[in-house]
Amino acid sequence: MTQPGKWIRRGALIAVSLMAALGAQARSFDDIKKDGKILVATEGQFPPFNYFQGTKLTGFEVELAELVAHKMGVTIEWKALGFDALLAGLRQDRWDLVIASHGVTDERAKAVTFANPHYCSGGQVIALDPAIRTGADLAGKVVAVQTGTTYLESVKKLPGIKEVKNFPKDTDARTALLSQRVDAWVSDRFVAKQALAAAPNAGMKAGEMVFIERIAAAVAKGNQSVAAGYNKALAEVMADGSYAALSKKYFNEDVRCK
């Protein structure tokens, strides 16, 4: 092949690569509005925030997202999959937004753009032994947490813990406690609140908070148009009373960040 031919071929390959890269870009808010549908991913295994009742996806975050989408003027197409895959899929532009109780951290913010928080919570110690209540009480103990969560990272930093066992689903971590395969379970305080209310005779006892965090939906890194559209609609939902009513329905309190 002659030298000019090589350059033509190389130029064509570069053009194809650029087209592929452009095709993989996240959708803008205008694109979503034109389509009339936003693709939203969640886990579906984290009650009361996102879970299945039979085949129906529901929960505080699911209903909140529906309220926000209505304000945005679009409908939602839901995707439910493992927690670990949610932000990875967002970075691959497989969906427009993730809402699945992700705590806002500096590390996660390097990979995605977080919206404004839709509730504040944190990790709480739950145990069968009433003597296990605080982070310090976890020294020498085996603790169950969900894979990929901020709870896992925070528990690992506590001094003296014998072993941290991580599980794909938070409900699996709770089951490990109930079957006495671990000494304690660390989960979201509202998840713990519901779990204790749903099984008052199971012997679980809520201890203290290990840490506090802000929880927010996420969009692709730098997708400010979708983040702004979502934030505007979320603010409207928080202002018109529908957020307070939904929060009272699930938690009997207002869970927004103060």
# chains A, B, ... in the order shown; residues from 1 in each chain; ligands from 1

call {"tool": "closest_atom_pairs", "arguments": {"of": "stretch 107-209 of chain A", "to": "stretch 52-76 of chain A", "cutoff": "12 Å", "atoms": "only C-alpha atoms", "output": "JSON lines"}}
result
{"residue": "A:Pro117", "atom": "CA", "partner": "A:Glu61", "partner_atom": "CA", "distance": 11.6}
{"residue": "A:His118", "atom": "CA", "partner": "A:Glu61", "partner_atom": "CA", "distance": 8.6}
{"residue": "A:Tyr119", "atom": "CA", "partner": "A:Glu61", "partner_atom": "CA", "distance": 9.6}
{"residue": "A:Phe190", "atom": "CA", "partner": "A:Phe60", "partner_atom": "CA", "distance": 10.8}
{"residue": "A:Val191", "atom": "CA", "partner": "A:Phe60", "partner_atom": "CA", "distance": 11.2}
{"residue": "A:Gln194", "atom": "CA", "partner": "A:Gly59", "partner_atom": "CA", "distance": 12.0}

call {"tool": "select_by_dssp", "arguments": {"residues": "stretch 17-192 of chain A", "states": "helix (DSSP H, G or I)", "output": "JSON, numbers by chain"}}
result
{"A": [17, 18, 19, 20, 21, 22, 23, 29, 30, 31, 32, 33, 34, 35, 60, 61, 62, 63, 64, 65, 66, 67, 68, 69, 70, 71, 72, 83, 84, 85, 86, 87, 88, 89, 90, 91, 106, 107, 108, 109, 136, 137, 138, 150, 151, 152, 153, 154, 155, 156, 170, 171, 172, 173, 174, 175, 176, 177, 178, 189, 190, 191, 192]}

call {"tool": "closest_residue", "arguments": {"among": "A:Ala192, A:Ala227, A:Val142, A:Cys120", "to": "A:Gly103", "atoms": "only C-alpha atoms"}}
result
A:Cys120

call {"tool": "closest_residue", "arguments": {"among": "A:Leu97, A:Val145, A:Val155, A:Val255", "to": "A:Ile215", "atoms": "only C-alpha atoms"}}
result
A:Val255

call {"tool": "closest_residue", "arguments": {"among": "A:Val219, A:Ala127, A:Ile161, A:Met238", "to": "A:Ala41", "atoms": "only C-alpha atoms"}}
result
A:Val219

call {"tool": "residues_around", "arguments": {"residues": "A:Gly229", "least_positions_apart": "3", "cutoff": "7 Å", "atoms": "only C-alpha atoms", "output": "ChimeraX atom specification"}}
result
/A:29,72,225-226,232-233

call {"tool": "residues_around", "arguments": {"residues": "A:Val143", "least_positions_apart": "3", "cutoff": "9 Å", "atoms": "only C-alpha atoms", "output": "list in words"}}
result
Leu138, Val155, Ile161, Lys162, Glu163, Val164, Lys165, Asn166, Ala173, Leu177, Val182, Asp183, Ala184, Trp185 and Val186 of chain A

call {"tool": "write_last_selection", "arguments": {"atoms": "N, CA, C and O atoms", "output": "compact mmCIF listing (two decimals), in the first residue's frame"}}
result
# COMPACT_ATOMS: atom_id res chain seq x y z
N LEU A 138 -18.14 -3.49 68.12
CA LEU A 138 -17.91 -4.44 67.02
C LEU A 138 -16.49 -5.02 67.03
O LEU A 138 -16.20 -5.94 66.27
N VAL A 155 -17.30 0.22 57.77
CA VAL A 155 -17.09 -0.84 58.76
C VAL A 155 -15.65 -1.33 58.72
O VAL A 155 -15.04 -1.61 59.77
N ILE A 161 -12.16 -5.10 64.35
CA ILE A 161 -13.20 -6.03 63.89
C ILE A 161 -12.55 -7.35 63.47
O ILE A 161 -11.53 -7.36 62.76
N LYS A 162 -13.13 -8.44 63.90
CA LYS A 162 -12.57 -9.76 63.60
C LYS A 162 -12.68 -10.08 62.12
O LYS A 162 -11.72 -10.52 61.48
N GLU A 163 -13.88 -9.88 61.56
CA GLU A 163 -14.10 -10.19 60.14
C GLU A 163 -15.30 -9.42 59.62
O GLU A 163 -16.30 -9.26 60.33
N VAL A 164 -15.19 -8.93 58.39
CA VAL A 164 -16.32 -8.30 57.72
C VAL A 164 -16.76 -9.23 56.60
O VAL A 164 -15.98 -9.53 55.69
N LYS A 165 -17.99 -9.70 56.69
CA LYS A 165 -18.54 -10.56 55.65
C LYS A 165 -19.48 -9.74 54.78
O LYS A 165 -20.42 -9.12 55.29
N ASN A 166 -19.22 -9.70 53.47
CA ASN A 166 -20.08 -8.93 52.58
C ASN A 166 -20.96 -9.84 51.75
O ASN A 166 -20.56 -10.94 51.35
N ALA A 173 -27.45 -10.15 54.14
CA ALA A 173 -26.68 -9.77 55.34
C ALA A 173 -27.56 -9.87 56.58
O ALA A 173 -27.12 -10.35 57.63
N LEU A 177 -27.35 -12.49 60.06
CA LEU A 177 -27.48 -12.15 61.48
C LEU A 177 -28.52 -13.03 62.15
O LEU A 177 -28.28 -13.59 63.22
N VAL A 182 -23.24 -14.34 61.87
CA VAL A 182 -22.45 -13.15 62.17
C VAL A 182 -22.95 -12.58 63.50
O VAL A 182 -24.02 -12.94 63.98
N ASP A 183 -22.17 -11.67 64.06
CA ASP A 183 -22.54 -11.07 65.34
C ASP A 183 -23.37 -9.81 65.18
O ASP A 183 -24.12 -9.44 66.09
N ALA A 184 -23.20 -9.12 64.05
CA ALA A 184 -23.90 -7.87 63.85
C ALA A 184 -24.10 -7.61 62.36
O ALA A 184 -23.42 -8.19 61.51
N TRP A 185 -25.05 -6.75 62.08
CA TRP A 185 -25.37 -6.34 60.70
C TRP A 185 -25.38 -4.82 60.70
O TRP A 185 -25.96 -4.20 61.60
N VAL A 186 -24.70 -4.20 59.73
CA VAL A 186 -24.72 -2.75 59.60
C VAL A 186 -25.44 -2.39 58.31
O VAL A 186 -25.07 -2.85 57.22

call {"tool": "select_by_dssp", "arguments": {"residues": "stretch 2-196 of chain A", "states": "strand (DSSP E)", "output": "ChimeraX atom specification"}}
result
/A:37-42,45-46,50-53,56-58,75-80,97-98,112-127,142-146,163-167,184-188

call {"tool": "residues_around", "arguments": {"residues": "A:Glu213", "least_positions_apart": "2", "cutoff": "12 Å", "atoms": "only C-alpha atoms", "output": "list in words"}}
result
Ser101, His102, Gly103, Val104, Thr105, Asp106, Pro117, His118, Tyr119, Cys120, Ser121, Gly122, Gly123, Gln124, Thr149, Thr150, Tyr151, Ser154, Asp188, Arg189, Met209, Val210, Phe211, Ile215, Ala216, Arg256, Cys257 and Lys258 of chain A

call {"tool": "write_last_selection", "arguments": {"atoms": "N, CA and C atoms", "output": "PDB file, in the first residue's frame"}}
result
ATOM      1  N   SER A 101     -30.242   4.470  46.659  1.00  0.00           N
ATOM      2  CA  SER A 101     -29.657   4.722  47.989  1.00  0.00           C
ATOM      3  C   SER A 101     -28.134   4.768  47.973  1.00  0.00           C
ATOM      4  N   HIS A 102     -27.571   5.403  46.946  1.00  0.00           N
ATOM      5  CA  HIS A 102     -26.121   5.589  46.913  1.00  0.00           C
ATOM      6  C   HIS A 102     -25.730   6.770  47.795  1.00  0.00           C
ATOM      7  N   GLY A 103     -24.855   6.514  48.757  1.00  0.00           N
ATOM      8  CA  GLY A 103     -24.304   7.596  49.555  1.00  0.00           C
ATOM      9  C   GLY A 103     -23.333   8.408  48.715  1.00  0.00           C
ATOM     10  N   VAL A 104     -23.363   9.718  48.886  1.00  0.00           N
ATOM     11  CA  VAL A 104     -22.470  10.604  48.134  1.00  0.00           C
ATOM     12  C   VAL A 104     -21.079  10.544  48.767  1.00  0.00           C
ATOM     13  N   THR A 105     -20.100  10.119  47.983  1.00  0.00           N
ATOM     14  CA  THR A 105     -18.712  10.077  48.446  1.00  0.00           C
ATOM     15  C   THR A 105     -17.807  10.729  47.413  1.00  0.00           C
ATOM     16  N   ASP A 106     -16.657  11.182  47.841  1.00  0.00           N
ATOM     17  CA  ASP A 106     -15.694  11.795  46.922  1.00  0.00           C
ATOM     18  C   ASP A 106     -15.250  10.786  45.866  1.00  0.00           C
ATOM     19  N   PRO A 117     -29.290  15.597  47.155  1.00  0.00           N
ATOM     20  CA  PRO A 117     -29.720  14.453  47.967  1.00  0.00           C
ATOM     21  C   PRO A 117     -31.238  14.399  48.141  1.00  0.00           C
ATOM     22  N   HIS A 118     -31.781  13.178  48.150  1.00  0.00           N
ATOM     23  CA  HIS A 118     -33.222  13.029  48.376  1.00  0.00           C
ATOM     24  C   HIS A 118     -33.546  12.481  49.761  1.00  0.00           C
ATOM     25  N   TYR A 119     -32.534  12.079  50.516  1.00  0.00           N
ATOM     26  CA  TYR A 119     -32.721  11.830  51.945  1.00  0.00           C
ATOM     27  C   TYR A 119     -31.355  11.722  52.614  1.00  0.00           C
ATOM     28  N   CYS A 120     -31.358  11.859  53.931  1.00  0.00           N
ATOM     29  CA  CYS A 120     -30.140  11.682  54.722  1.00  0.00           C
ATOM     30  C   CYS A 120     -30.332  10.520  55.676  1.00  0.00           C
ATOM     31  N   SER A 121     -29.308   9.714  55.814  1.00  0.00           N
ATOM     32  CA  SER A 121     -29.392   8.545  56.671  1.00  0.00           C
ATOM     33  C   SER A 121     -27.987   8.199  57.152  1.00  0.00           C
ATOM     34  N   GLY A 122     -27.716   6.903  57.267  1.00  0.00           N
ATOM     35  CA  GLY A 122     -26.403   6.458  57.694  1.00  0.00           C
ATOM     36  C   GLY A 122     -26.436   5.013  58.129  1.00  0.00           C
ATOM     37  N   GLY A 123     -25.285   4.485  58.467  1.00  0.00           N
ATOM     38  CA  GLY A 123     -25.170   3.083  58.847  1.00  0.00           C
ATOM     39  C   GLY A 123     -25.456   2.874  60.324  1.00  0.00           C
ATOM     40  N   GLN A 124     -26.303   1.913  60.626  1.00  0.00           N
ATOM     41  CA  GLN A 124     -26.680   1.618  62.004  1.00  0.00           C
ATOM     42  C   GLN A 124     -26.312   0.185  62.366  1.00  0.00           C
ATOM     43  N   THR A 149     -21.317  -1.120  49.127  1.00  0.00           N
ATOM     44  CA  THR A 149     -21.948  -0.018  49.838  1.00  0.00           C
ATOM     45  C   THR A 149     -20.934   0.793  50.637  1.00  0.00           C
ATOM     46  N   THR A 150     -21.349   1.997  51.016  1.00  0.00           N
ATOM     47  CA  THR A 150     -20.515   2.813  51.885  1.00  0.00           C
ATOM     48  C   THR A 150     -20.420   2.184  53.275  1.00  0.00           C
ATOM     49  N   TYR A 151     -21.418   1.385  53.642  1.00  0.00           N
ATOM     50  CA  TYR A 151     -21.379   0.691  54.940  1.00  0.00           C
ATOM     51  C   TYR A 151     -20.166  -0.245  54.987  1.00  0.00           C
ATOM     52  N   SER A 154     -17.020   1.812  55.467  1.00  0.00           N
ATOM     53  CA  SER A 154     -16.962   2.418  56.801  1.00  0.00           C
ATOM     54  C   SER A 154     -16.686   1.385  57.878  1.00  0.00           C
ATOM     55  N   ASP A 188     -28.583   0.650  56.471  1.00  0.00           N
ATOM     56  CA  ASP A 188     -29.244   1.948  56.536  1.00  0.00           C
ATOM     57  C   ASP A 188     -30.204   1.990  57.719  1.00  0.00           C
ATOM     58  N   ARG A 189     -30.278   3.123  58.402  1.00  0.00           N
ATOM     59  CA  ARG A 189     -31.095   3.186  59.617  1.00  0.00           C
ATOM     60  C   ARG A 189     -32.579   3.019  59.330  1.00  0.00           C
ATOM     61  N   MET A 209     -25.652   4.821  65.443  1.00  0.00           N
ATOM     62  CA  MET A 209     -25.208   5.084  64.085  1.00  0.00           C
ATOM     63  C   MET A 209     -23.685   5.012  64.019  1.00  0.00           C
ATOM     64  N   VAL A 210     -23.177   4.376  62.975  1.00  0.00           N
ATOM     65  CA  VAL A 210     -21.733   4.304  62.757  1.00  0.00           C
ATOM     66  C   VAL A 210     -21.251   5.542  62.004  1.00  0.00           C
ATOM     67  N   PHE A 211     -22.084   6.056  61.105  1.00  0.00           N
ATOM     68  CA  PHE A 211     -21.763   7.268  60.353  1.00  0.00           C
ATOM     69  C   PHE A 211     -23.046   7.829  59.742  1.00  0.00           C
ATOM     70  N   ILE A 215     -27.816  10.853  50.705  1.00  0.00           N
ATOM     71  CA  ILE A 215     -28.160   9.880  49.666  1.00  0.00           C
ATOM     72  C   ILE A 215     -28.702  10.615  48.447  1.00  0.00           C
ATOM     73  N   ALA A 216     -28.210  10.268  47.255  1.00  0.00           N
ATOM     74  CA  ALA A 216     -28.615  10.987  46.053  1.00  0.00           C
ATOM     75  C   ALA A 216     -28.664  10.079  44.839  1.00  0.00           C
ATOM     76  N   ARG A 256     -35.880  14.049  54.595  1.00  0.00           N
ATOM     77  CA  ARG A 256     -35.005  14.917  53.791  1.00  0.00           C
ATOM     78  C   ARG A 256     -33.849  15.443  54.645  1.00  0.00           C
ATOM     79  N   CYS A 257     -32.759  15.829  53.984  1.00  0.00           N
ATOM     80  CA  CYS A 257     -31.608  16.368  54.702  1.00  0.00           C
ATOM     81  C   CYS A 257     -31.962  17.730  55.278  1.00  0.00           C
ATOM     82  N   LYS A 258     -31.639  17.906  56.527  1.00  0.00           N
ATOM     83  CA  LYS A 258     -31.972  19.161  57.211  1.00  0.00           C
ATOM     84  C   LYS A 258     -30.874  20.186  56.982  1.00  0.00           C
TER      85      LYS A 258
END
